[in-house]
file my_file_14.cif (mmCIF, C-alpha atoms)
data_coords
#
loop_
_atom_site.label_atom_id
_atom_site.label_comp_id
_atom_site.auth_asym_id
_atom_site.auth_seq_id
_atom_site.Cartn_x
_atom_site.Cartn_y
_atom_site.Cartn_z
CA MET A 24 10.79 -7.38 15.71
CA VAL A 25 7.47 -5.56 15.71
CA ASN A 26 9.28 -2.21 15.84
CA HIS A 27 11.62 -3.29 13.06
CA LYS A 28 8.60 -4.23 10.95
CA ALA A 29 6.86 -0.94 11.76
CA ALA A 30 9.99 1.02 10.83
CA GLN A 31 10.20 -0.85 7.52
CA LEU A 32 6.53 -0.08 6.79
CA ASP A 33 7.19 3.60 7.64
CA ARG A 34 10.02 3.64 5.08
CA THR A 35 8.07 1.74 2.42
CA PHE A 36 4.99 3.97 2.59
CA ALA A 37 7.18 7.11 2.78
CA ALA A 38 9.05 5.99 -0.35
CA LEU A 39 5.70 5.58 -2.14
CA THR A 40 4.41 9.09 -1.33
CA ASP A 41 6.17 10.66 -4.31
CA PRO A 42 4.87 10.34 -7.90
CA THR A 43 8.41 10.39 -9.39
CA ARG A 44 9.45 7.52 -7.13
CA ARG A 45 6.27 5.60 -8.00
CA ALA A 46 6.98 6.17 -11.72
CA ILE A 47 10.55 4.83 -11.26
CA LEU A 48 9.19 1.71 -9.53
CA ALA A 49 6.54 1.27 -12.25
CA ARG A 50 9.24 1.43 -14.95
CA LEU A 51 11.40 -1.12 -13.10
CA GLU A 52 8.37 -3.39 -12.98
CA ARG A 53 8.38 -3.45 -16.81
CA GLU A 54 12.17 -3.40 -17.42
CA GLU A 55 14.51 -5.62 -15.45
CA ALA A 56 17.56 -3.34 -15.19
CA VAL A 57 17.72 0.32 -16.22
CA SER A 58 20.70 2.70 -16.12
CA VAL A 59 20.32 5.78 -13.94
CA SER A 60 20.58 8.12 -16.95
CA ASP A 61 17.83 6.15 -18.79
CA LEU A 62 15.68 6.24 -15.66
CA ALA A 63 16.13 10.02 -15.34
CA GLN A 64 15.36 10.72 -19.02
CA PRO A 65 11.49 10.96 -18.87
CA PHE A 66 11.49 13.34 -15.89
CA ALA A 67 11.71 17.11 -16.06
CA ILE A 68 14.04 17.15 -13.08
CA THR A 69 17.84 17.19 -12.75
CA LEU A 70 19.92 14.03 -12.54
CA PRO A 71 20.93 14.84 -8.90
CA ALA A 72 17.20 15.08 -8.03
CA VAL A 73 16.64 11.64 -9.57
CA MET A 74 19.65 10.34 -7.60
CA LYS A 75 18.04 11.62 -4.39
CA HIS A 76 14.83 9.75 -5.21
CA LEU A 77 16.91 6.62 -5.84
CA ASP A 78 18.59 7.10 -2.43
CA VAL A 79 15.15 7.09 -0.77
CA LEU A 80 14.07 3.99 -2.71
CA ASP A 81 17.39 2.29 -1.90
CA ALA A 82 17.11 3.12 1.84
CA ALA A 83 13.61 1.60 1.83
CA GLY A 84 15.01 -1.56 0.18
CA LEU A 85 12.84 -1.05 -2.91
CA VAL A 86 15.68 -0.87 -5.45
CA VAL A 87 19.24 -2.15 -5.69
CA ARG A 88 21.97 -0.36 -7.62
CA ALA A 89 24.94 -2.04 -9.29
CA LYS A 90 27.94 -0.36 -10.93
CA ALA A 91 29.55 -1.81 -14.05
CA GLY A 92 32.36 0.47 -15.20
CA ARG A 93 30.83 3.96 -15.36
CA ILE A 94 27.24 2.76 -15.70
CA VAL A 95 25.02 2.40 -12.65
CA THR A 96 22.04 0.13 -13.26
CA VAL A 97 18.98 -0.03 -11.03
CA ARG A 98 16.79 -3.06 -10.37
CA LEU A 99 13.53 -3.48 -8.50
CA SER A 100 13.55 -5.11 -5.08
CA PRO A 101 9.82 -5.64 -4.57
CA ALA A 102 9.76 -7.54 -1.25
CA PRO A 103 8.97 -4.54 1.04
CA MET A 104 5.92 -3.78 -1.09
CA GLN A 105 4.55 -7.23 -0.31
CA GLU A 106 4.59 -6.30 3.38
CA ALA A 107 2.81 -3.01 2.59
CA MET A 108 0.20 -4.89 0.61
CA ASP A 109 -0.27 -7.42 3.42
CA TRP A 110 -0.91 -4.49 5.74
CA LEU A 111 -3.55 -3.07 3.39
CA ARG A 112 -5.16 -6.46 2.80
CA ARG A 113 -7.01 -6.35 6.13
CA TYR A 114 -9.29 -3.66 4.65
CA GLU A 115 -10.17 -5.81 1.64
CA ARG A 116 -13.32 -7.06 3.35
CA PHE A 117 -14.77 -3.52 3.16
CA TRP A 118 -14.51 -3.47 -0.63
CA GLY A 119 -15.82 -7.03 -0.71
CA ALA A 120 -18.66 -5.95 1.60
CA SER A 121 -19.70 -3.06 -0.63
CA LEU A 122 -19.67 -5.40 -3.66
CA ASP A 123 -21.84 -7.87 -1.70
CA ARG A 124 -24.27 -5.07 -0.87
CA LEU A 125 -24.33 -4.07 -4.53
CA ALA A 126 -25.05 -7.66 -5.58
CA ALA A 127 -27.83 -7.96 -2.93
CA PHE A 128 -29.33 -4.68 -4.17
CA ALA A 129 -29.25 -5.87 -7.82
CA GLU A 130 -30.87 -9.20 -6.83
CA ALA A 131 -33.62 -7.46 -4.83
CA ARG A 132 -34.34 -5.18 -7.78
CA GLU A 133 -34.53 -8.14 -10.15
CA ALA A 134 -36.89 -9.98 -7.78
CA ALA A 135 -39.10 -6.86 -7.56
CA ALA A 136 -39.11 -6.60 -11.37
CA ARG A 137 -40.15 -10.28 -11.67
CA GLU A 138 -42.97 -9.73 -9.16
CA SER A 139 -44.30 -6.65 -10.99
CA ASP A 140 -44.16 -8.63 -14.26
CA ALA A 141 -46.22 -11.51 -12.77
CA MET B 14 -7.73 13.15 -13.59
CA VAL B 15 -4.35 11.40 -13.53
CA ASN B 16 -2.92 14.21 -11.40
CA HIS B 17 -5.87 14.08 -9.07
CA LYS B 18 -5.35 10.34 -8.69
CA ALA B 19 -1.60 10.80 -8.11
CA ALA B 20 -2.27 13.49 -5.49
CA GLN B 21 -4.71 11.17 -3.71
CA LEU B 22 -2.11 8.36 -3.72
CA ASP B 23 0.48 10.80 -2.33
CA ARG B 24 -1.88 11.64 0.53
CA THR B 25 -2.88 8.02 1.18
CA PHE B 26 0.70 6.71 1.34
CA ALA B 27 1.79 9.76 3.41
CA ALA B 28 -1.02 9.08 5.89
CA LEU B 29 0.18 5.46 6.21
CA THR B 30 3.82 6.37 7.00
CA ASP B 31 3.13 6.81 10.72
CA PRO B 32 2.68 3.84 13.12
CA THR B 33 0.19 5.77 15.32
CA ARG B 34 -1.98 6.53 12.30
CA ARG B 35 -1.75 2.90 11.15
CA ALA B 36 -2.76 1.77 14.66
CA ILE B 37 -5.78 4.12 14.58
CA LEU B 38 -6.85 2.70 11.20
CA ALA B 39 -6.34 -0.87 12.45
CA ARG B 40 -8.56 -0.17 15.46
CA LEU B 41 -11.27 1.35 13.24
CA GLU B 42 -11.14 -1.80 11.14
CA ARG B 43 -12.24 -3.79 14.23
CA GLU B 44 -14.64 -1.23 15.79
CA GLU B 45 -17.16 0.62 13.69
CA ALA B 46 -17.21 3.98 15.49
CA VAL B 47 -14.83 5.10 18.24
CA SER B 48 -14.81 8.38 20.21
CA VAL B 49 -11.66 10.50 19.91
CA SER B 50 -10.87 10.08 23.62
CA ASP B 51 -11.22 6.27 23.36
CA LEU B 52 -9.00 6.30 20.27
CA ALA B 53 -6.34 8.35 22.07
CA GLN B 54 -6.34 6.18 25.21
CA PRO B 55 -3.82 3.45 24.17
CA PHE B 56 -1.22 5.95 22.96
CA ALA B 57 1.47 7.57 25.11
CA ILE B 58 0.91 10.89 23.34
CA THR B 59 -1.25 13.92 24.13
CA LEU B 60 -4.83 14.31 22.91
CA PRO B 61 -3.84 17.26 20.65
CA ALA B 62 -1.18 15.02 19.04
CA VAL B 63 -3.85 12.38 18.36
CA MET B 64 -6.10 15.12 16.92
CA LYS B 65 -3.29 16.10 14.52
CA HIS B 66 -2.99 12.50 13.34
CA LEU B 67 -6.77 12.43 12.82
CA ASP B 68 -6.49 15.65 10.76
CA VAL B 69 -3.97 13.91 8.46
CA LEU B 70 -6.20 10.82 8.15
CA ASP B 71 -9.24 13.05 7.53
CA ALA B 72 -7.42 15.09 4.84
CA ALA B 73 -6.47 11.82 3.11
CA GLY B 74 -10.14 10.73 3.22
CA LEU B 75 -9.29 7.71 5.39
CA VAL B 76 -11.57 8.61 8.33
CA VAL B 77 -14.73 10.63 8.83
CA ARG B 78 -15.55 12.44 12.06
CA ALA B 79 -19.05 13.13 13.37
CA LYS B 80 -20.05 15.24 16.38
CA ALA B 81 -22.95 14.23 18.62
CA GLY B 82 -23.23 16.69 21.53
CA ARG B 83 -19.74 16.91 23.01
CA ILE B 84 -18.58 13.54 21.68
CA VAL B 85 -16.68 13.30 18.41
CA THR B 86 -16.76 9.79 16.92
CA VAL B 87 -14.44 8.57 14.20
CA ARG B 88 -15.21 6.01 11.50
CA LEU B 89 -13.07 4.35 8.88
CA SER B 90 -13.37 5.45 5.25
CA PRO B 91 -11.40 2.69 3.56
CA ALA B 92 -11.89 3.56 -0.15
CA PRO B 93 -8.53 5.38 -0.68
CA MET B 94 -6.70 2.30 0.63
CA GLN B 95 -8.26 0.26 -2.16
CA GLU B 96 -6.57 2.58 -4.68
CA ALA B 97 -3.25 2.19 -2.82
CA MET B 98 -3.64 -1.57 -2.90
CA ASP B 99 -4.48 -1.52 -6.62
CA TRP B 100 -1.26 0.40 -7.17
CA LEU B 101 0.75 -2.21 -5.24
CA ARG B 102 -1.00 -5.10 -6.96
CA ARG B 103 1.12 -4.76 -10.13
CA TYR B 104 4.10 -6.12 -8.15
CA GLU B 105 2.18 -9.20 -7.07
CA ARG B 106 3.60 -11.20 -9.99
CA PHE B 107 7.07 -10.94 -8.40
CA TRP B 108 5.91 -12.67 -5.22
CA GLY B 109 4.02 -15.16 -7.37
CA ALA B 110 7.17 -15.65 -9.49
CA SER B 111 9.38 -16.39 -6.52
CA LEU B 112 6.80 -18.90 -5.23
CA ASP B 113 6.73 -20.51 -8.71
CA ARG B 114 10.53 -20.75 -8.68
CA LEU B 115 10.38 -22.31 -5.21
CA ALA B 116 7.80 -24.85 -6.40
CA ALA B 117 9.90 -25.67 -9.50
CA PHE B 118 12.97 -26.13 -7.29
CA ALA B 119 11.06 -28.44 -4.89
CA GLU B 120 9.73 -30.50 -7.84
CA ALA B 121 13.21 -30.81 -9.40
CA ARG B 122 14.60 -31.95 -6.04
CA GLU B 123 11.84 -34.55 -5.66
CA ALA B 124 12.45 -35.84 -9.20
CA ALA B 125 16.19 -36.12 -8.45
CA ALA B 126 15.39 -38.00 -5.20
CA ARG B 127 13.12 -40.44 -7.10
CA GLU B 128 15.88 -41.05 -9.69
CA SER B 129 18.51 -41.76 -7.04
CA ASP B 130 16.03 -44.16 -5.33
CA ALA B 131 15.44 -46.08 -8.60
#
call {"tool": "encode", "arguments": {"input": "my_file_14.cif", "output": "structure tokens"}}
result
Amino acid sequence: MVNHKAAQLDRTFAALTDPTRRAILARLEREEAVSVSDLAQPFAITLPAVMKHLDVLDAAGLVVRAKAGRIVTVRLSPAPMQEAMDWLRRYERFWGASLDRLAAFAEAREAAARESDA
Amino acid sequence: MVNHKAAQLDRTFAALTDPTRRAILARLEREEAVSVSDLAQPFAITLPAVMKHLDVLDAAGLVVRAKAGRIVTVRLSPAPMQEAMDWLRRYERFWGASLDRLAAFAEAREAAARESDA
């Protein structure tokens, strides 16, 4: 179970390492179902190259493809990204901590300003 | 700027694709500074292999190394993970949406149960 989860995280993060794949996911976040040719259109790469990126996203469980006649449409399958985000969430306290330090610094400066005014 | 950000995300996600590297980051989340030999100890891999993983983490800006005498200590540098999390955050609404649907379903079922009781 742990190994299965680790292997899924490996695949999710690996799928996210490429800017074209991230752009495909970002588009599928805005549009529910997009044909492969529409998806490929903004990129200066060949259709087979886009298909390869879709294979990686599909293997990671991040997209699902459906064929209707000659049109293949692609949809987002966001669940694995939730797991990736849960993994990253443990570091949230560091960003929180630096904001807390910033707030403490601002408060101390204000207090010093009040004292010098008095 | 956008390309610089994309390249940083590439490096961050690539650094997170490996379970040994994720385990190193998880340990540095719990312990502030750990020597390289202490870090390597739990893993069934050679010290040079651990050093290579640390090189990847260092290149991605996820750890910093400091040398004191003959001891190299490693610390977490969590900032790039915040960017990775911000990228993933746009998909949060999908998890929220499925929870909303679940809540709506539970409410509808309760309402139906009340009606059949009446």
call {"tool": "interface_residues", "arguments": {"input": "my_file_14.cif", "of": "chain A", "to": "chain B", "cutoff": "8 Å", "atoms": "all atoms listed in the file", "output": "number ranges by chain"}}
result
A: 29, 32-37, 39-42, 52, 101-102, 104-105, 108, 111-115, 117-118
call {"tool": "atom_distance", "arguments": {"input": "my_file_14.cif", "atom1": "atom CA of Ser50 of chain B", "atom2": "atom CA of Gly74 of chain B"}}
result
20.4 Å
call {"tool": "atom_distance", "arguments": {"input": "my_file_14.cif", "atom1": "atom CA of Ala72 of chain A", "atom2": "atom CA of Val59 of chain A"}}
result
11.5 Å
call {"tool": "atom_distance", "arguments": {"input": "my_file_14.cif", "atom1": "atom CA of Gly82 of chain B", "atom2": "atom CA of Phe56 of chain B"}}
result
24.5 Å
call {"tool": "residues_around", "arguments": {"input": "my_file_14.cif", "residues": "Asp61 of chain A", "least_positions_apart": "4", "cutoff": "12 Å", "atoms": "all atoms listed in the file", "output": "ChimeraX atom specification"}}
result
/A:47,50-51,54,56-57,65-66,70,73,94-97
call {"tool": "decode", "arguments": {"input": "my_file_14.cif", "residues": "segment 59-76 of chain A", "atoms": "N, CA, C and O atoms", "output": "short mmCIF file (atom, residue, chain, number, x, y, z; two decimals), in the first residue's frame"}}
result
data_model
loop_
_atom_site.label_atom_id
_atom_site.label_comp_id
_atom_site.auth_asym_id
_atom_site.auth_seq_id
_atom_site.Cartn_x
_atom_site.Cartn_y
_atom_site.Cartn_z
N VAL A 59 -8.15 16.11 -28.93
CA VAL A 59 -6.69 16.07 -28.98
C VAL A 59 -6.14 17.12 -29.95
O VAL A 59 -5.17 17.81 -29.63
N SER A 60 -6.81 17.30 -31.11
CA SER A 60 -6.29 18.27 -32.08
C SER A 60 -6.41 19.70 -31.53
O SER A 60 -5.51 20.52 -31.74
N ASP A 61 -7.49 20.01 -30.80
CA ASP A 61 -7.63 21.32 -30.16
C ASP A 61 -6.57 21.52 -29.08
O ASP A 61 -6.01 22.61 -28.94
N LEU A 62 -6.31 20.46 -28.34
CA LEU A 62 -5.30 20.53 -27.27
C LEU A 62 -3.92 20.81 -27.85
O LEU A 62 -3.14 21.56 -27.27
N ALA A 63 -3.64 20.20 -29.01
CA ALA A 63 -2.30 20.30 -29.63
C ALA A 63 -2.07 21.67 -30.24
O ALA A 63 -0.93 22.14 -30.31
N GLN A 64 -3.19 22.32 -30.66
CA GLN A 64 -3.12 23.55 -31.47
C GLN A 64 -2.18 24.64 -30.92
O GLN A 64 -1.37 25.18 -31.68
N PRO A 65 -2.22 24.99 -29.60
CA PRO A 65 -1.36 26.10 -29.14
C PRO A 65 0.13 25.78 -29.09
O PRO A 65 0.94 26.69 -28.93
N PHE A 66 0.51 24.51 -29.22
CA PHE A 66 1.91 24.14 -29.01
C PHE A 66 2.68 24.04 -30.33
O PHE A 66 2.14 23.57 -31.33
N ALA A 67 3.91 24.47 -30.30
CA ALA A 67 4.77 24.42 -31.48
C ALA A 67 5.47 23.06 -31.56
O ALA A 67 6.66 22.99 -31.80
N ILE A 68 4.70 22.02 -31.30
CA ILE A 68 5.25 20.66 -31.41
C ILE A 68 4.30 19.81 -32.24
O ILE A 68 3.15 20.20 -32.44
N THR A 69 4.77 18.68 -32.73
CA THR A 69 3.96 17.83 -33.61
C THR A 69 2.84 17.15 -32.82
O THR A 69 2.92 17.00 -31.60
N LEU A 70 1.82 16.73 -33.54
CA LEU A 70 0.71 16.00 -32.91
C LEU A 70 1.22 14.72 -32.21
O LEU A 70 0.82 14.45 -31.07
N PRO A 71 2.12 13.92 -32.86
CA PRO A 71 2.62 12.74 -32.14
C PRO A 71 3.32 13.08 -30.82
O PRO A 71 3.23 12.33 -29.85
N ALA A 72 4.00 14.25 -30.78
CA ALA A 72 4.67 14.67 -29.53
C ALA A 72 3.62 14.97 -28.46
O ALA A 72 3.80 14.61 -27.29
N VAL A 73 2.52 15.62 -28.87
CA VAL A 73 1.43 15.89 -27.93
C VAL A 73 0.82 14.57 -27.44
O VAL A 73 0.55 14.40 -26.24
N MET A 74 0.65 13.61 -28.37
CA MET A 74 0.11 12.30 -28.01
C MET A 74 0.98 11.62 -26.95
O MET A 74 0.48 10.98 -26.03
N LYS A 75 2.31 11.77 -27.10
CA LYS A 75 3.23 11.18 -26.12
C LYS A 75 3.04 11.81 -24.73
O LYS A 75 3.07 11.10 -23.72
N HIS A 76 2.87 13.14 -24.73
CA HIS A 76 2.61 13.81 -23.44
C HIS A 76 1.30 13.31 -22.83
O HIS A 76 1.21 13.09 -21.62
#
